[in-house]
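Quick look at coords.txt (compact mmCIF, C-alpha atoms):
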# COMPACT_ATOMS: atom_id res chain seq x y z
CA MET Y 1 -42.90 -5.77 53.75
CA MET Y 2 -39.76 -3.88 52.66
CA THR Y 3 -41.78 -0.66 52.29
CA ARG Y 4 -43.14 -1.02 55.81
CA LEU Y 5 -39.65 -1.80 57.17
CA SER Y 6 -38.21 1.28 55.47
CA SER Y 7 -41.03 3.44 56.89
CA THR Y 8 -40.48 2.07 60.38
CA ILE Y 9 -36.73 2.71 60.34
CA THR Y 10 -37.29 6.20 58.94
CA GLN Y 11 -39.66 6.88 61.84
CA LEU Y 12 -37.00 5.64 64.27
CA ALA Y 13 -34.57 8.12 62.80
CA LYS Y 14 -37.09 10.88 63.43
CA PHE Y 15 -37.33 9.91 67.09
CA ARG Y 16 -33.54 10.00 67.41
CA ALA Y 17 -33.57 13.49 65.90
CA MET Y 18 -36.34 14.49 68.31
CA ALA Y 19 -34.28 13.29 71.25
CA HIS Y 20 -31.33 15.46 70.18
CA GLY Y 21 -33.37 18.47 69.07
CA ALA Y 22 -35.58 18.65 72.15
CA SER Y 23 -32.75 18.95 74.66
CA ALA Y 24 -33.80 22.52 75.33
CA HIS Y 25 -32.15 25.05 77.58
CA PRO Y 26 -33.02 24.63 81.27
CA VAL Y 27 -36.35 26.20 82.16
CA GLN Y 28 -37.83 27.34 85.42
CA ASP Y 29 -39.30 24.34 87.22
CA ARG Y 30 -42.46 25.49 88.99
CA LEU Y 31 -43.58 21.97 89.87
CA ASP Y 32 -43.40 19.95 93.07
CA ASP Y 33 -43.03 16.21 93.53
CA LEU Y 34 -45.86 13.99 94.72
CA ILE Y 35 -43.94 11.30 96.59
CA ALA Y 36 -46.50 8.75 97.78
CA PHE Y 37 -49.51 7.95 95.61
CA GLY Y 38 -49.97 4.19 95.66
CA SER Y 39 -48.28 1.12 94.25
CA ASN Y 40 -47.23 2.94 91.06
CA PRO Y 41 -47.02 -0.16 88.82
CA GLY Y 42 -45.98 1.98 85.83
CA SER Y 43 -43.00 3.47 87.74
CA LEU Y 44 -43.89 7.02 86.74
CA ARG Y 45 -42.88 10.23 88.47
CA ALA Y 46 -45.63 12.58 89.66
CA ARG Y 47 -45.20 16.38 89.45
CA THR Y 48 -47.83 18.83 90.67
CA TYR Y 49 -48.71 22.50 90.79
CA VAL Y 50 -51.07 23.93 93.40
CA PRO Y 51 -51.73 27.69 93.23
CA ALA Y 52 -51.60 29.76 96.41
CA ASN Y 53 -54.91 30.44 98.17
CA LEU Y 54 -56.65 27.59 96.38
CA ALA Y 55 -60.41 27.56 96.88
CA LYS Y 56 -62.18 24.43 98.09
CA GLY Y 57 -63.56 22.24 95.32
CA ALA Y 58 -61.12 23.36 92.63
CA ALA Y 59 -60.75 21.50 89.34
CA LEU Y 60 -57.85 19.19 88.45
CA VAL Y 61 -56.12 19.15 85.06
CA VAL Y 62 -53.83 16.22 84.21
CA VAL Y 63 -51.17 17.11 81.62
CA LEU Y 64 -49.16 14.45 79.73
CA HIS Y 65 -45.97 15.50 77.93
CA GLY Y 66 -44.73 14.12 74.61
CA CYS Y 67 -41.64 12.07 73.73
CA THR Y 68 -38.27 13.64 74.66
CA GLN Y 69 -40.08 16.13 76.93
CA ASN Y 70 -40.47 16.34 80.69
CA ALA Y 71 -43.16 17.80 82.92
CA ALA Y 72 -41.39 21.06 83.80
CA GLY Y 73 -40.48 21.81 80.19
CA TYR Y 74 -43.97 21.11 78.92
CA ASP Y 75 -45.51 23.27 81.64
CA HIS Y 76 -43.14 26.14 80.90
CA ALA Y 77 -43.89 26.04 77.16
CA ALA Y 78 -47.64 25.39 77.34
CA GLY Y 79 -48.22 27.87 80.17
CA TRP Y 80 -50.47 25.61 82.24
CA SER Y 81 -49.21 26.72 85.66
CA GLN Y 82 -49.40 30.34 84.52
CA LEU Y 83 -53.08 29.78 83.70
CA ALA Y 84 -53.63 27.83 86.93
CA ASP Y 85 -52.42 30.86 88.92
CA GLU Y 86 -54.91 33.06 87.08
CA GLN Y 87 -57.93 30.76 87.21
CA GLY Y 88 -57.39 28.75 90.41
CA PHE Y 89 -57.16 25.07 89.45
CA VAL Y 90 -54.68 22.31 90.30
CA LEU Y 91 -52.30 20.58 87.90
CA LEU Y 92 -50.94 17.04 87.84
CA PHE Y 93 -48.08 16.17 85.48
CA PRO Y 94 -47.32 12.45 85.27
CA GLU Y 95 -43.75 12.15 84.02
CA GLN Y 96 -42.13 9.27 82.15
CA GLN Y 97 -38.80 7.88 83.37
CA ARG Y 98 -35.89 6.82 81.18
CA SER Y 99 -35.84 3.43 82.86
CA ASN Y 100 -39.28 2.83 81.28
CA ASN Y 101 -38.62 4.45 77.92
CA PRO Y 102 -35.26 6.08 77.08
CA ASN Y 103 -36.99 8.58 74.79
CA LEU Y 104 -39.43 9.53 77.59
CA CYS Y 105 -42.47 8.39 75.59
CA PHE Y 106 -45.44 7.08 77.51
CA ASN Y 107 -45.80 3.43 76.50
CA TRP Y 108 -49.22 3.81 74.90
CA PHE Y 109 -48.60 0.86 72.57
CA SER Y 110 -47.88 -1.56 75.44
CA PRO Y 111 -50.79 -3.85 76.44
CA VAL Y 112 -49.66 -3.73 80.06
CA ASP Y 113 -49.68 0.08 80.18
CA SER Y 114 -52.79 0.74 78.11
CA ARG Y 115 -55.52 -1.11 80.00
CA ARG Y 116 -57.61 -0.33 83.06
CA ASP Y 117 -55.98 -0.94 86.45
CA SER Y 118 -52.60 -1.86 85.01
CA GLY Y 119 -49.20 -0.30 84.39
CA GLU Y 120 -48.85 3.38 83.56
CA ALA Y 121 -52.62 3.91 83.29
CA LEU Y 122 -53.11 2.73 86.88
CA SER Y 123 -50.19 4.85 88.10
CA ILE Y 124 -51.87 7.95 86.67
CA ARG Y 125 -55.20 6.94 88.22
CA GLN Y 126 -53.49 6.58 91.61
CA MET Y 127 -51.94 10.04 91.27
CA ILE Y 128 -55.35 11.53 90.52
CA ASP Y 129 -57.02 9.86 93.50
CA THR Y 130 -54.25 11.09 95.79
CA MET Y 131 -54.49 14.68 94.54
CA VAL Y 132 -58.29 14.82 94.83
CA ALA Y 133 -58.16 13.60 98.43
CA ALA Y 134 -55.18 15.73 99.48
CA HIS Y 135 -56.56 19.04 98.15
CA ASP Y 136 -60.32 18.50 98.45
CA LEU Y 137 -60.78 18.85 94.71
CA ASP Y 138 -64.03 18.58 92.77
CA ALA Y 139 -64.28 14.96 91.58
CA GLU Y 140 -66.75 16.11 88.89
CA ARG Y 141 -64.17 18.43 87.32
CA ILE Y 142 -61.19 16.27 86.42
CA PHE Y 143 -59.72 16.76 82.95
CA VAL Y 144 -56.81 15.29 80.99
CA THR Y 145 -54.75 16.49 78.02
CA GLY Y 146 -51.55 15.47 76.28
CA LEU Y 147 -49.32 15.82 73.23
CA SER Y 148 -48.30 13.04 70.83
CA ALA Y 149 -47.45 9.97 72.99
CA GLY Y 150 -49.06 11.96 75.81
CA GLY Y 151 -52.07 12.45 73.53
CA ALA Y 152 -52.25 8.71 72.94
CA MET Y 153 -52.04 8.16 76.70
CA THR Y 154 -54.84 10.72 77.09
CA SER Y 155 -56.96 8.51 74.82
CA ILE Y 156 -56.11 5.56 77.07
CA MET Y 157 -57.13 7.37 80.25
CA LEU Y 158 -60.41 8.57 78.72
CA ALA Y 159 -61.26 5.05 77.50
CA CYS Y 160 -60.12 3.12 80.55
CA TYR Y 161 -61.53 5.54 83.15
CA PRO Y 162 -64.39 7.41 81.44
CA GLU Y 163 -66.25 7.74 84.72
CA LEU Y 164 -63.32 9.70 86.15
CA PHE Y 165 -63.02 12.49 83.58
CA ALA Y 166 -65.35 15.31 82.60
CA GLY Y 167 -63.33 16.00 79.46
CA GLY Y 168 -60.13 15.33 77.56
CA ALA Y 169 -58.04 17.09 74.92
CA ILE Y 170 -55.86 15.06 72.53
CA ILE Y 171 -53.12 17.00 70.72
CA ALA Y 172 -51.43 15.29 67.75
CA GLY Y 173 -52.40 11.99 69.35
CA LEU Y 174 -54.02 8.70 68.41
CA PRO Y 175 -57.26 6.85 69.17
CA PHE Y 176 -57.52 4.18 71.83
CA GLY Y 177 -56.91 0.47 71.41
CA CYS Y 178 -55.42 0.28 67.93
CA ALA Y 179 -51.81 -0.65 68.72
CA THR Y 180 -50.43 -3.52 70.79
CA SER Y 181 -46.78 -3.34 69.71
CA VAL Y 182 -44.19 -0.82 68.58
CA ASN Y 183 -44.64 -1.93 64.97
CA ASP Y 184 -48.37 -1.28 65.29
CA ALA Y 185 -47.64 2.10 66.82
CA PHE Y 186 -45.56 3.31 63.89
CA ALA Y 187 -48.13 2.08 61.40
CA ARG Y 188 -50.94 3.92 63.20
CA MET Y 189 -48.83 7.07 63.41
CA ARG Y 190 -48.68 6.88 59.62
CA GLY Y 191 -52.46 6.44 59.59
CA GLU Y 192 -52.24 2.82 58.44
CA GLY Y 193 -53.92 -0.39 59.58
CA TYR Y 194 -56.96 0.96 61.40
CA PRO Y 195 -60.17 -1.04 61.72
CA SER Y 196 -63.29 0.45 60.18
CA ASP Y 197 -64.60 3.55 61.90
CA ASP Y 198 -67.73 1.76 63.13
CA ARG Y 199 -65.54 -0.60 65.19
CA LEU Y 200 -63.57 2.13 66.94
CA PRO Y 201 -66.24 3.02 69.56
CA GLU Y 202 -66.48 -0.64 70.59
CA LEU Y 203 -62.85 -0.55 71.67
CA VAL Y 204 -63.70 2.20 74.16
CA ARG Y 205 -66.84 0.44 75.41
CA ALA Y 206 -64.88 -2.76 76.03
CA ALA Y 207 -62.12 -0.96 77.96
CA SER Y 208 -64.19 -0.36 81.10
CA GLY Y 209 -67.76 -1.57 80.68
CA HIS Y 210 -68.91 2.00 81.25
CA GLN Y 211 -72.29 2.91 79.72
CA GLY Y 212 -72.03 6.68 79.90
CA PRO Y 213 -72.19 9.57 80.27
CA TRP Y 214 -68.94 10.02 78.37
CA PRO Y 215 -66.26 12.73 78.73
CA THR Y 216 -66.21 15.53 76.19
CA ILE Y 217 -63.44 15.36 73.60
CA SER Y 218 -61.26 18.10 72.11
CA VAL Y 219 -58.98 17.14 69.21
CA TRP Y 220 -56.06 19.27 67.98
CA GLN Y 221 -54.00 18.51 64.89
CA GLY Y 222 -51.54 20.31 62.63
CA SER Y 223 -52.30 19.82 58.94
CA ALA Y 224 -48.56 19.54 58.10
CA ASP Y 225 -47.72 17.01 60.83
CA LYS Y 226 -45.17 14.49 59.47
CA THR Y 227 -44.85 12.53 62.73
CA VAL Y 228 -48.50 11.71 63.46
CA ALA Y 229 -50.53 11.70 60.24
CA PRO Y 230 -53.47 14.16 60.37
CA SER Y 231 -55.85 11.31 59.50
CA ASN Y 232 -55.42 10.13 63.10
CA ALA Y 233 -57.48 13.09 64.26
CA GLU Y 234 -60.39 11.84 62.16
CA ARG Y 235 -60.09 8.38 63.71
CA ILE Y 236 -60.25 9.90 67.19
CA ILE Y 237 -63.39 11.82 66.23
CA ALA Y 238 -64.96 8.69 64.74
CA GLN Y 239 -64.17 6.74 67.91
CA TRP Y 240 -66.23 9.09 70.04
CA GLN Y 241 -69.06 10.10 67.71
CA ALA Y 242 -71.18 6.98 68.30
CA LEU Y 243 -70.53 7.10 72.03
CA HIS Y 244 -71.91 10.64 72.17
CA GLY Y 245 -74.73 9.88 69.75
CA VAL Y 246 -73.70 12.41 67.13
CA GLY Y 247 -73.38 11.97 63.37
CA ASP Y 248 -70.55 12.55 60.97
CA ILE Y 249 -71.56 16.09 60.05
CA PRO Y 250 -70.57 18.72 62.64
CA THR Y 251 -73.26 20.88 64.21
CA GLU Y 252 -71.18 24.02 63.87
CA GLN Y 253 -68.11 25.25 62.00
CA ALA Y 254 -66.15 28.36 62.87
CA ILE Y 255 -62.76 30.05 62.56
CA ILE Y 256 -61.10 30.59 65.97
CA ASP Y 257 -57.97 32.75 65.98
CA GLY Y 258 -57.41 31.83 62.35
CA SER Y 259 -57.91 28.07 62.76
CA PRO Y 260 -60.94 26.03 61.63
CA ARG Y 261 -62.94 24.43 64.43
CA ARG Y 262 -65.71 21.85 64.04
CA THR Y 263 -68.15 21.21 66.88
CA TRP Y 264 -70.60 18.37 67.44
CA ARG Y 265 -73.47 18.91 69.87
CA ASP Y 266 -75.61 16.19 71.41
CA LYS Y 267 -79.42 16.15 71.58
CA LYS Y 268 -79.31 18.39 74.65
CA GLY Y 269 -77.26 20.98 72.80
CA ARG Y 270 -74.07 20.28 74.76
CA ALA Y 271 -70.79 20.54 72.84
CA VAL Y 272 -69.41 17.01 73.22
CA ILE Y 273 -66.73 16.90 70.51
CA GLU Y 274 -64.66 19.71 69.02
CA ALA Y 275 -61.82 19.47 66.51
CA TYR Y 276 -59.24 22.11 65.61
CA GLU Y 277 -57.11 21.95 62.46
CA ILE Y 278 -54.04 24.18 62.65
CA VAL Y 279 -53.33 24.82 58.99
CA GLY Y 280 -49.67 24.52 58.01
CA MET Y 281 -48.50 23.51 61.49
CA GLY Y 282 -46.18 20.55 62.04
CA HIS Y 283 -45.98 18.19 64.99
CA GLY Y 284 -46.54 19.92 68.31
CA THR Y 285 -48.77 21.84 70.69
CA PRO Y 286 -50.18 25.07 69.18
CA LEU Y 287 -49.49 28.19 71.22
CA ASN Y 288 -50.22 31.88 71.33
CA THR Y 289 -47.43 33.27 73.46
CA VAL Y 290 -47.87 37.01 72.86
CA GLY Y 291 -50.47 39.63 73.65
CA PRO Y 292 -52.90 39.91 76.55
CA ASP Y 293 -54.18 36.35 76.03
CA GLY Y 294 -50.76 34.76 75.49
CA HIS Y 295 -49.53 31.83 77.54
CA GLY Y 296 -46.28 29.89 77.60
CA SER Y 297 -43.15 30.04 75.49
CA ALA Y 298 -42.34 28.46 72.12
CA ALA Y 299 -39.89 25.54 72.07
CA PRO Y 300 -39.32 22.37 70.03
CA TYR Y 301 -42.74 20.76 69.45
CA MET Y 302 -44.35 23.70 71.27
CA LEU Y 303 -45.22 25.89 68.31
CA GLU Y 304 -46.25 29.52 68.01
CA ALA Y 305 -49.42 29.22 65.93
CA GLY Y 306 -51.47 32.28 66.82
CA ILE Y 307 -53.91 30.18 68.85
CA SER Y 308 -53.49 29.01 72.43
CA SER Y 309 -54.56 25.39 72.77
CA THR Y 310 -54.02 25.79 76.51
CA GLY Y 311 -56.43 28.69 76.74
CA GLN Y 312 -59.01 27.29 74.34
CA ILE Y 313 -59.02 23.89 76.05
CA ALA Y 314 -59.42 25.48 79.47
CA LYS Y 315 -62.25 27.62 78.09
CA ALA Y 316 -64.04 24.56 76.69
CA TRP Y 317 -63.80 22.95 80.12
CA GLY Y 318 -65.32 25.97 81.87
CA LEU Y 319 -62.10 26.85 83.66
CA MET Y 320 -61.73 30.42 82.34
CA THR Y 321 -63.95 32.03 84.94
CA LYS Y 322 -61.77 34.91 86.12
CA SER Y 323 -60.98 37.97 84.04
CA LYS Y 324 -57.51 39.29 84.69
CA ALA Y 325 -55.36 41.88 82.89
CA ARG Y 326 -52.19 40.33 81.56
CA LYS Y 327 -48.89 41.66 80.33
CA ALA Y 328 -47.76 40.81 76.81
CA ALA Y 329 -45.31 37.95 76.73
CA THR Y 330 -41.80 39.11 75.86
CA THR Y 331 -39.66 36.04 76.50
CA GLN Y 332 -36.71 35.57 74.20
CA SER Y 333 -37.86 32.08 73.24
CA ALA Y 334 -41.22 33.39 72.07
CA ARG Y 335 -39.52 35.96 69.85
CA ALA Y 336 -36.84 33.64 68.49
CA GLN Y 337 -38.77 30.44 67.79
CA PRO Y 338 -40.22 30.29 64.25
CA ASN Y 339 -43.58 28.72 63.51
CA ASN Y 340 -41.93 25.90 61.57
CA ALA Y 341 -39.46 24.91 64.32
CA ALA Y 342 -40.62 21.32 64.59
CA PRO Y 343 -40.53 20.53 60.86
CA GLN Y 344 -36.97 21.91 60.69
CA ILE Y 345 -35.88 19.60 63.51
CA LEU Y 346 -37.59 16.61 61.92
CA GLN Y 347 -35.78 17.26 58.65
CA ALA Y 348 -32.47 17.10 60.48
CA HIS Y 349 -32.71 13.38 61.19
CA ARG Y 350 -30.02 10.95 60.10
CA PRO Y 351 -30.65 8.87 56.99
CA ALA Y 352 -32.11 5.45 57.63
CA PRO Y 353 -29.32 2.87 58.17
CA LYS Y 354 -28.77 0.15 55.60
CA VAL Y 355 -29.58 -3.32 56.85
CA SER Y 356 -28.77 -6.77 55.60
CA HIS Y 357 -31.93 -8.83 55.19
CA LYS Y 358 -29.87 -11.98 54.73
CA ALA Y 359 -28.25 -11.82 58.16
CA LYS Y 360 -31.47 -11.57 60.18
CA GLY Y 361 -35.19 -11.91 59.75
CA VAL Y 362 -37.22 -8.76 59.25
CA SER Y 363 -38.76 -8.99 62.74
CA ALA Y 364 -35.33 -9.27 64.36
CA ILE Y 365 -34.07 -6.29 62.36
CA ILE Y 366 -36.98 -4.14 63.49
CA GLU Y 367 -36.64 -5.22 67.13
CA ASP Y 368 -32.91 -4.42 67.16
CA ALA Y 369 -33.55 -0.99 65.70
CA LEU Y 370 -36.34 -0.30 68.17
CA ARG Y 371 -34.19 -1.26 71.15
CA LYS Y 372 -31.33 0.94 69.97
CA ALA Y 373 -33.78 3.81 69.62
CA GLY Y 374 -35.14 3.23 73.10
CA LEU Y 375 -38.62 2.44 71.88
CA MET Y 376 -38.73 -1.19 72.99
CA ARG Y 377 -37.94 -2.56 76.41

Structure translated into structure tokens:
Amino acid sequence: MMTRLSSTITQLAKFRAMAHGASAHPVQDRLDDLIAFGSNPGSLRARTYVPANLAKGAALVVVLHGCTQNAAGYDHAAGWSQLADEQGFVLLFPEQQRSNNPNLCFNWFSPVDSRRDSGEALSIRQMIDTMVAAHDLDAERIFVTGLSAGGAMTSIMLACYPELFAGGAIIAGLPFGCATSVNDAFARMRGEGYPSDDRLPELVRAASGHQGPWPTISVWQGSADKTVAPSNAERIIAQWQALHGVGDIPTEQAIIDGSPRRTWRDKKGRAVIEAYEIVGMGHGTPLNTVGPDGHGSAAPYMLEAGISSTGQIAKAWGLMTKSKARKAATTQSARAQPNNAAPQILQAHRPAPKVSHKAKGVSAIIEDALRKAGLMR
């Protein structure tokens, strides 16, 4: 028990460091507000990007930021609106509010917010329905991606509304249905306490009653991630393998821009699961910000890795249909941000506070620490 308590408080310290380290310089906000989109039970903000001269029947990409981030900052760093201009699709950025979570994490560990037609999950669904209707979008080409807590919320959306999405991409995230409290969440982030892999698909089946077809899954994980243990990527893969009817052994293995990629194809030959391991990368979204194929700008938890997750994910979804000459990225942040930016920030956290186990029970100690860190309502 004391080991688990120490690990939990250490993780809280990391989140406090993240909150301080991710207060980046102001970036250009290219996004607009979506004001009215339903009852919004999760009290989220909705930000959008619609390229000029949008063709009828365009695709929609839903992008979920990580803790301490906001929609505009994530878009600027990941380069999604830049790519949307080039390829002609629409973006929706659900944004967490400090009144819900002071660290701006989506509440993926909350039972209210992680089930179908409830809380934050329903708010995002309402945003999607509103955007599809307002812009005459292709309901067969709706995709979702997210980082960290946004990656965990991506898992929730894919499990709770599988009929809605053609595909999803989970970056440094977690599988669906394995945490129902903040204590659970920290344990899962450490890769601890999971049910057996053969039970994981049943959690998805039970979330909606859907019988298929299932959305395609793209999993991205840094091998040196100290915030979300890399073993979580394997649990995500295991959760979807049985649903797609594929085995443990990948159909294909390749090196893409220096990073290993595994691919699983179904009986029809369709790539239904892919997994990228970014060797040596810490916690964050992998980017390639330079050269003719570069997108975005490096920032805390948005890491120059020589591979563009934004571009590769869009390619897997069939969104890279237009060839366009591009100028090499020369932003100061791309030049100045080292590949190990996130690990350096994580190492800067305060030491875990000493606590008296005689004064309070262990549960009360954890709850007090969580509230002070903004991770419990």

Excluding segment 217-221 of chain Y and residues on its chain fewer than 4 positions from it, collect all residues at most 9 Å away from it, counting only C-alpha atoms, and give them as a short mmCIF file (atom, residue, chain, number, x, y, z; two decimals) with C-alpha atoms, in the coordinates of the input.
data_model
loop_
_atom_site.label_atom_id
_atom_site.label_comp_id
_atom_site.auth_asym_id
_atom_site.auth_seq_id
_atom_site.Cartn_x
_atom_site.Cartn_y
_atom_site.Cartn_z
CA THR Y 145 -54.75 16.49 78.02
CA GLY Y 167 -63.33 16.00 79.46
CA GLY Y 168 -60.13 15.33 77.56
CA ALA Y 169 -58.04 17.09 74.92
CA ILE Y 170 -55.86 15.06 72.53
CA ILE Y 171 -53.12 17.00 70.72
CA ALA Y 172 -51.43 15.29 67.75
CA GLY Y 173 -52.40 11.99 69.35
CA ASP Y 225 -47.72 17.01 60.83
CA VAL Y 228 -48.50 11.71 63.46
CA ALA Y 229 -50.53 11.70 60.24
CA PRO Y 230 -53.47 14.16 60.37
CA ASN Y 232 -55.42 10.13 63.10
CA ALA Y 233 -57.48 13.09 64.26
CA GLU Y 234 -60.39 11.84 62.16
CA ILE Y 236 -60.25 9.90 67.19
CA ILE Y 237 -63.39 11.82 66.23
CA TRP Y 240 -66.23 9.09 70.04
CA VAL Y 272 -69.41 17.01 73.22
CA ILE Y 273 -66.73 16.90 70.51
CA GLU Y 274 -64.66 19.71 69.02
CA ALA Y 275 -61.82 19.47 66.51
CA TYR Y 276 -59.24 22.11 65.61
CA GLU Y 277 -57.11 21.95 62.46
CA ILE Y 278 -54.04 24.18 62.65
CA VAL Y 279 -53.33 24.82 58.99
CA MET Y 281 -48.50 23.51 61.49
CA GLY Y 282 -46.18 20.55 62.04
CA HIS Y 283 -45.98 18.19 64.99
CA GLY Y 284 -46.54 19.92 68.31
CA THR Y 285 -48.77 21.84 70.69
CA PRO Y 286 -50.18 25.07 69.18
CA SER Y 309 -54.56 25.39 72.77
CA ILE Y 313 -59.02 23.89 76.05
CA ALA Y 316 -64.04 24.56 76.69
#

Under the rule that all atoms listed in the file are counted, which of Y:Gln97, Y:Ile307, Y:Ala224, Y:Asp85 is the nearest residue to Ile255 of chain Y?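 That would be Y:Ile307, the residue with the smallest distance to Ile255 of chain Y.
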
Taking all atoms listed in the file into account, which of Y:Leu122, Y:Leu92, Y:Leu60, Y:Ala72 comes nearest Pro41 of chain Y?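 Closest to Pro41 of chain Y, using all atoms listed in the file: Y:Leu122.
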
Quick one: everything within 12 Å of Val61 of chain Y, counting all atoms listed in the file, minus sequence neighbours fewer than 2 positions away in the same chain. Send it as a PDB file with C-alpha atoms, in the coordinates of the input.
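The resulting file, part-v6.pdb, is reproduced below:
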ATOM      1  CA  THR Y  48     -47.830  18.830  90.670  1.00  0.00           C
ATOM      2  CA  TYR Y  49     -48.710  22.500  90.790  1.00  0.00           C
ATOM      3  CA  VAL Y  50     -51.070  23.930  93.400  1.00  0.00           C
ATOM      4  CA  ALA Y  58     -61.120  23.360  92.630  1.00  0.00           C
ATOM      5  CA  ALA Y  59     -60.750  21.500  89.340  1.00  0.00           C
ATOM      6  CA  VAL Y  63     -51.170  17.110  81.620  1.00  0.00           C
ATOM      7  CA  LEU Y  64     -49.160  14.450  79.730  1.00  0.00           C
ATOM      8  CA  ASP Y  75     -45.510  23.270  81.640  1.00  0.00           C
ATOM      9  CA  TRP Y  80     -50.470  25.610  82.240  1.00  0.00           C
ATOM     10  CA  SER Y  81     -49.210  26.720  85.660  1.00  0.00           C
ATOM     11  CA  LEU Y  83     -53.080  29.780  83.700  1.00  0.00           C
ATOM     12  CA  ALA Y  84     -53.630  27.830  86.930  1.00  0.00           C
ATOM     13  CA  GLN Y  87     -57.930  30.760  87.210  1.00  0.00           C
ATOM     14  CA  GLY Y  88     -57.390  28.750  90.410  1.00  0.00           C
ATOM     15  CA  PHE Y  89     -57.160  25.070  89.450  1.00  0.00           C
ATOM     16  CA  VAL Y  90     -54.680  22.310  90.300  1.00  0.00           C
ATOM     17  CA  LEU Y  91     -52.300  20.580  87.900  1.00  0.00           C
ATOM     18  CA  LEU Y  92     -50.940  17.040  87.840  1.00  0.00           C
ATOM     19  CA  PHE Y  93     -48.080  16.170  85.480  1.00  0.00           C
ATOM     20  CA  PRO Y  94     -47.320  12.450  85.270  1.00  0.00           C
ATOM     21  CA  MET Y 127     -51.940  10.040  91.270  1.00  0.00           C
ATOM     22  CA  ILE Y 128     -55.350  11.530  90.520  1.00  0.00           C
ATOM     23  CA  MET Y 131     -54.490  14.680  94.540  1.00  0.00           C
ATOM     24  CA  VAL Y 132     -58.290  14.820  94.830  1.00  0.00           C
ATOM     25  CA  LEU Y 137     -60.780  18.850  94.710  1.00  0.00           C
ATOM     26  CA  ASP Y 138     -64.030  18.580  92.770  1.00  0.00           C
ATOM     27  CA  ALA Y 139     -64.280  14.960  91.580  1.00  0.00           C
ATOM     28  CA  GLU Y 140     -66.750  16.110  88.890  1.00  0.00           C
ATOM     29  CA  ARG Y 141     -64.170  18.430  87.320  1.00  0.00           C
ATOM     30  CA  ILE Y 142     -61.190  16.270  86.420  1.00  0.00           C
ATOM     31  CA  PHE Y 143     -59.720  16.760  82.950  1.00  0.00           C
ATOM     32  CA  VAL Y 144     -56.810  15.290  80.990  1.00  0.00           C
ATOM     33  CA  THR Y 145     -54.750  16.490  78.020  1.00  0.00           C
ATOM     34  CA  GLY Y 146     -51.550  15.470  76.280  1.00  0.00           C
ATOM     35  CA  THR Y 154     -54.840  10.720  77.090  1.00  0.00           C
ATOM     36  CA  LEU Y 164     -63.320   9.700  86.150  1.00  0.00           C
ATOM     37  CA  PHE Y 165     -63.020  12.490  83.580  1.00  0.00           C
ATOM     38  CA  ALA Y 166     -65.350  15.310  82.600  1.00  0.00           C
ATOM     39  CA  GLY Y 167     -63.330  16.000  79.460  1.00  0.00           C
ATOM     40  CA  GLY Y 168     -60.130  15.330  77.560  1.00  0.00           C
ATOM     41  CA  ALA Y 169     -58.040  17.090  74.920  1.00  0.00           C
ATOM     42  CA  THR Y 310     -54.020  25.790  76.510  1.00  0.00           C
ATOM     43  CA  ILE Y 313     -59.020  23.890  76.050  1.00  0.00           C
ATOM     44  CA  ALA Y 314     -59.420  25.480  79.470  1.00  0.00           C
ATOM     45  CA  TRP Y 317     -63.800  22.950  80.120  1.00  0.00           C
ATOM     46  CA  GLY Y 318     -65.320  25.970  81.870  1.00  0.00           C
ATOM     47  CA  LEU Y 319     -62.100  26.850  83.660  1.00  0.00           C
TER      48      LEU Y 319
END

In Å, how far is it from atom CA of Gly193 of chain Y to atom CA of Ala179 of chain Y? 9.4 Å

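Computed from the coordinates, the atom CA of Ala149 of chain Y to atom CA of Arg270 of chain Y distance equals 28.6 Å.
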
Just give me the gap between atom CA of Gly296 of chain Y and atom CA of Lys315 of chain Y in Å, one decimal is fine.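 About the pair atom CA of Gly296 of chain Y and atom CA of Lys315 of chain Y: they are 16.1 Å apart.
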
Selected residue, from Y:Ala238, Y:Met320, Y:Ile156, Y:Leu54, that lies nearest to Tyr194 of chain Y when counting all atoms listed in the file: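 That would be Y:Ala238, the residue with the smallest distance to Tyr194 of chain Y.
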
Out of Y:Met153, Y:Ala71, Y:Leu243, Y:Cys160, which residue has the shortest atom-to-atom distance to Arg116 of chain Y when counting all atoms listed in the file? Y:Cys160

Would you please take segment 108-114 of chain Y of the structure in the block above and write N, CA and C atoms to a file as a PDB file, in the first residue's frame?
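Heads up, here's the output in selection_5.pdb:
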ATOM      1  N   TRP Y 108     -11.249  11.115 -18.197  1.00  0.00           N
ATOM      2  CA  TRP Y 108     -11.425   9.792 -18.782  1.00  0.00           C
ATOM      3  C   TRP Y 108     -11.596   8.697 -17.733  1.00  0.00           C
ATOM      4  N   PHE Y 109     -11.244   8.996 -16.492  1.00  0.00           N
ATOM      5  CA  PHE Y 109     -11.356   8.035 -15.396  1.00  0.00           C
ATOM      6  C   PHE Y 109     -12.673   8.177 -14.637  1.00  0.00           C
ATOM      7  N   SER Y 110     -13.516   9.128 -15.038  1.00  0.00           N
ATOM      8  CA  SER Y 110     -14.789   9.373 -14.368  1.00  0.00           C
ATOM      9  C   SER Y 110     -15.890   8.531 -15.002  1.00  0.00           C
ATOM     10  N   PRO Y 111     -16.611   7.726 -14.221  1.00  0.00           N
ATOM     11  CA  PRO Y 111     -17.711   6.923 -14.802  1.00  0.00           C
ATOM     12  C   PRO Y 111     -18.756   7.763 -15.512  1.00  0.00           C
ATOM     13  N   VAL Y 112     -19.011   8.954 -15.027  1.00  0.00           N
ATOM     14  CA  VAL Y 112     -20.019   9.816 -15.654  1.00  0.00           C
ATOM     15  C   VAL Y 112     -19.569  10.266 -17.040  1.00  0.00           C
ATOM     16  N   ASP Y 113     -18.271  10.530 -17.196  1.00  0.00           N
ATOM     17  CA  ASP Y 113     -17.762  11.108 -18.438  1.00  0.00           C
ATOM     18  C   ASP Y 113     -17.255  10.075 -19.428  1.00  0.00           C
ATOM     19  N   SER Y 114     -17.255   8.816 -19.051  1.00  0.00           N
ATOM     20  CA  SER Y 114     -16.645   7.787 -19.902  1.00  0.00           C
ATOM     21  C   SER Y 114     -17.642   6.730 -20.370  1.00  0.00           C
TER      22      SER Y 114
END
